[in-house]
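Working notes, beginning with the structure itself.
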2 protein chains.
Amino acid sequence: METQKVLLSEKEIPRQWYNIQADMPTPMKPPLHPGTGQPAKPEDFAPLFPTSLIEQEFSTERWIDIPEPVLEKLLTWRPTPLQRAFALEKYLKTPAKIYFKNESLSPAGSHKPNTAIAQAYYNKAAGIKRLATETGAGQWGCALSLACSMFDLECKIYMVKVSYDQKPYRQLMMKTWGGQCVSSPSQDTNFGRKILADDPDCSGSLGIAIGEAIEDTVTSENTKYSLGSVLNHVMLHQTIIGLEAQKQFDVLGIYPDVVIGCVGGGSNFAGMSFPFIRDKIHGKEVDIVAVEPTACPTITRGPFAYDFGDTAETTPLLPMFTLGHNFIPKPIHAGGLRYHGMSPLVSQLVVDNLIQPRAYNQLQTYQAGLLFARTEGLICAPETNHAIAAAIAEAEKARDEGKQKIIVFSLSGHGLLDLTGYENYLNGNLTDYSLGEEEMQESLKSIQSYPRI
Amino acid sequence: METQKVLLSEKEIPRQWYNIQADMPTPMKPPLHPGTGQPAKPEDFAPLFPTSLIEQEFSTERWIDIPEPVLEKLLTWRPTPLQRAFALEKYLKTPAKIYFKNESLSPAGSHKPNTAIAQAYYNKAAGIKRLATETGAGQWGCALSLACSMFDLECKIYMVKVSYDQKPYRQLMMKTWGGQCVSSPSQDTNFGRKILADDPDCSGSLGIAIGEAIEDTVTSENTKYSLGSVLNHVMLHQTIIGLEAQKQFDVLGIYPDVVIGCVGGGSNFAGMSFPFIRDKIHGKEVDIVAVEPTACPTITRGPFAYDFGDTAETTPLLPMFTLGHNFIPKPIHAGGLRYHGMSPLVSQLVVDNLIQPRAYNQLQTYQAGLLFARTEGLICAPETNHAIAAAIAEAEKARDEGKQKIIVFSLSGHGLLDLTGYENYLNGNLTDYSLGEEEMQESLKSIQSYPRI
């Protein structure tokens with residue numbers, strides 16, 4: 001029998017994270033202080049993050065050691081397998097080999113604990129007692145709740161209302177690990193109360209929820225903020241995914257032609273792709289594909305500009321692709337991809353043509369997810385289905401061209417708590433959304449006074 | 001760092017199942033034909049199962065080859081890790097080492113696909129087009145739906161009403177894999193309609209659902225029946241769990257003092273324990289503990305007698321511990337343990353003192369499950385929580401006695417689709433149920449005309 005899963009032993013787990021800032025052809029533009037328009041300094045982030053994480057945010061060191069207590073917790077489920085999708089290949093009649101890196105095996109069901117555990121550890125080490133955060137689809141809230149339970153921290157989660165309502169089990173999961181989860185906009189912050197006063201039916205957005213979590217942080221004792229995506233240190237912690245995958249391809253003695261991930265804020269995509277982008281920068285031929293929803297087409301259609309990470313305008317201005325910080329995407333099921341901005345690192349790499357951005361609509365991604373479930377057996381998160389759709393498209397292209405390509409995608413999480421999306425798809429109740437040009441231009445007015453890049 | 005997970009390579013997956021009938025000190029009593037009272041013959045099972053599975057049901061061969069196509073599908077997630085519960089040990093301040101065999105990593109989230117895949121394969125090979133089955137908590141229905149999608153078979157599932165209502169995501173999961181799931185008692189069979197006519201609010205039971213699935217089977221074309229527990233061939237297919245665990249303990253160079261599993265129909269428990277019971281029969285000192293709920297205390301309080309496997313009285317009479325085939329357990333959340341009978345193999349081994357039966361109430365098991373989730377990070381199924389409660393009790397005993405025991409339990413499945421149980425527990429809305437003596441005697445009247453053993 002051919003090998004289906006390439007496993008690494010616990011001893012082979014990477015001991016360092018990879019920091020792509022050391023290798024980028026274009027140096028990163030700095031975040032800006034919104035008041036002065038000057039580059040934000042590390043101390044500007046001090047109210048939100050412990051020093052250790054701020055150092056990582058600004059670091060240009062190529063390799064950063066993973067602390068031993070973090071590795072110990074990661075070993076609960078890591079290294080994750082690199083699996084071959086034989087049944088899907090057979091169904092597609094493709095000569096391509098399709099691999100996926102299975103991040104759904106964590107206790108929270110996604111890649112998110114890779115950084116949640118690191119962040120909880122660094123905060124605990126800095127004497128912090130409580131973390132506040134936001135969550136879109138709920139994967140991040142679950143991950144941080146899990147990590148806080150591992151390091152004995154309190155955890156408060158503001159969950160985007162549309163997902164809070166669509167995914168009731170997510171809140172229960174956070175609660176089981178001891179976290180406190182509220183629907184955002186909430187009555188627990190001034191910002192949330194203000195939005196609810198204007199629009200009691202507001203379906204929420206990641207931008208709003210971030211604003212609430214930041215307000216909570218700066219107005220509460222012994223509390224820091226924790227972000228599950230976008231920032232450099234988050235991308236850093238996720239690189240363990242791609243580093244493992246590289247070791248696993250080494251075991252097979254092959255190298256992928258195409259590396260695929262879904263992108264919302266960018267963390268799963270970055271985690272999988274950055275180690276491969278490093279090779280690409282150094283001359284390796286490999287296509288790096290980032291897939292987002294047409295309902296929230298940040299990197300395919302937004303401008304590269306300075307914008308706030310949140311709707312409340314409390315973060316520094318970040319250099320990124322953005323649809324404007326007031327943008328509220330349509331309630332597609334892929335809640336983790338409903339974010340107006342994009343990781344500045346991912347954004348810069350898109351500008352430098354190291355990443356191919358692509359947008360798929362909702363129906364196409366569910367079709368891909370259903371095919372994957374019925375061939376490979378794994379029911380994936382709606383976010384992941386974007387990556388699967390791209391992998392299928394690449395495999396079909398390889399078939400039509402008669403090429404034996406090696407395709408790999410990151411299976412960012414399982415969909416066992418997102419089954420209402422599948423139900424709607426199976427019942428024919430799902431709709432495609434593509435952001436209209438006028439709507440986009442309207443939304444971008446909120447950033448017209450900030451520098452375009 | 002100490003090893004947390006003992007992994008086996010794909011090449012180390014067991015190639016044969018272990019059949020405990022070859023080693024049992026007391027030969028199995030035969031199933032009886034309910035009409036004649038004579039031993040049932042293999043051909044009596046022909047309307048329900050393909051010949052290959054009936055042969056396995058009656059076989060006394062010690063080792064039975066696992067077909068290559070079954071192995072291929074099992075490799076989607078197997079071999080599963082044997083994990084050490086360091087954080088739980090630390091919390092309990094016990095010198096005991098606690099291991100668990102993590103069966104929650106299958107695409108369906110439990111051990112059930114181990115036999116579902118084998119049964120789907122054998123039916124497909126026999127030219128069958130459609131399988132009918134029942135499910136309690138929903139784990140089995142999901143597993144068979146998955147397996148049928150892998151081997152391109154239709155699948156109809158009768159799901160016990162109390163679980164159908166408590167666990168809406170379960171039906172969606174079955175549907176995503178293409179299975180058809182209805183609440184039992186249903187309007188789709190004569191037996192279901194009769195029960196609903198007598199009691200429209202009937203919360204259902206596994207016995208009723210089995211009756212419906214059997215009626216469906218014998219009245220439909222090209223259809224066979226598939227059972228997720230109780231029968232010998234099901235126990236056989238599950239032994240891959242314990243066989244892997246033995247190899248993993250060999251890697252560690254240790255042998256467990258206590259092997260623990262939860263028991264409903266017996267399949268997870270048997271799968272984990274039978275290879276160890278083989279060693280015990282041959283002189284090894286090892287405690288084998290089977291944990292059931294006090295609400296359905298089959299092996300701790302029921303008689304060893306001949307009884308039907310289903311409420312409709314359509315199966316052969318099986319020699320087993322039973323509470324009577326009309327018994328409808330209270331609606332505890334551990335739906336998979338709400339079965340009136342018990343695997344005849346497990347029953348005989350209880351009689352022969354090779355297994356220690358134990359019963360825990362619902363609150364104790366949720367307390368154990370919550371502690372496990374908040375130390376080890378894994379949220380387990382309510383059924384599994386029974387095994388965790390026993391592992392904790394053994395570890396506390398080892399602490400009080402100052403003994404360095406090695407404890408292992410089977411983590412039969414995750415609880416991500418059973419979170420309402422945790423919610424009720426956290427909100428103080430869960431109740432303990434212990435079956436009353438009078439109620440039990442009343443229920444046992446249904447079997448007073450069949451032979452006690």
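Labels used: A, B, ... for chains in the order of the structure tokens, numbers from 1 for residues in each chain, and numbers from 1 for ligands as shown.
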All strand (DSSP E or B) positions in segment 247-442 of chain A, as a count of residues only: 36
Contact set, chain A to chain B: 9 Å, only C-alpha atoms, as an NGL selection string: :A and (1-7 or 9-11 or 68 or 71-72 or 75-77 or 83-84 or 87 or 105-108 or 146-147 or 149-150 or 169-170 or 172-173 or 175-178 or 370 or 373-379 or 416-420 or 422-423 or 426)
Distance query segment 346-363 of chain B at most 6 Å, only C-alpha atoms, self and fewer than 2 positions along chain excluded, as a PyMOL selection string: chain B and resi 288-294+300+320-321+343-344+365-366+432
Shell of 7 Å around Pro329 of chain A, only C-alpha atoms, local chain residues under 6 positions omitted, as number ranges by chain: A: 295-296, 338
Using C-alpha atoms, can you write the selected residues to a file as an mmCIF file, in the first residue's frame?
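Saved result, part36.cif, follows:
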```
data_model
loop_
_atom_site.group_PDB
_atom_site.id
_atom_site.type_symbol
_atom_site.label_atom_id
_atom_site.label_comp_id
_atom_site.auth_asym_id
_atom_site.auth_seq_id
_atom_site.Cartn_x
_atom_site.Cartn_y
_atom_site.Cartn_z
ATOM 1 C CA ALA A 295 -17.901 38.453 -0.686
ATOM 2 C CA CYS A 296 -14.793 39.871 1.003
ATOM 3 C CA ARG A 338 -14.933 37.950 6.776
#
```
For segment 397-406 of chain A: contacts at 12 Å, only C-alpha atoms, fewer than 3 positions along chain excluded, given as a PyMOL selection string: chain A and resi 84-85+89-100+249+252-260+286-287+390-394+409
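Each of A:Ala389, A:Ala120, A:Ile210, A:Leu82 was checked against Glu134 of chain A using only C-alpha atoms; the smallest atom-to-atom distance is that of A:Ile210.
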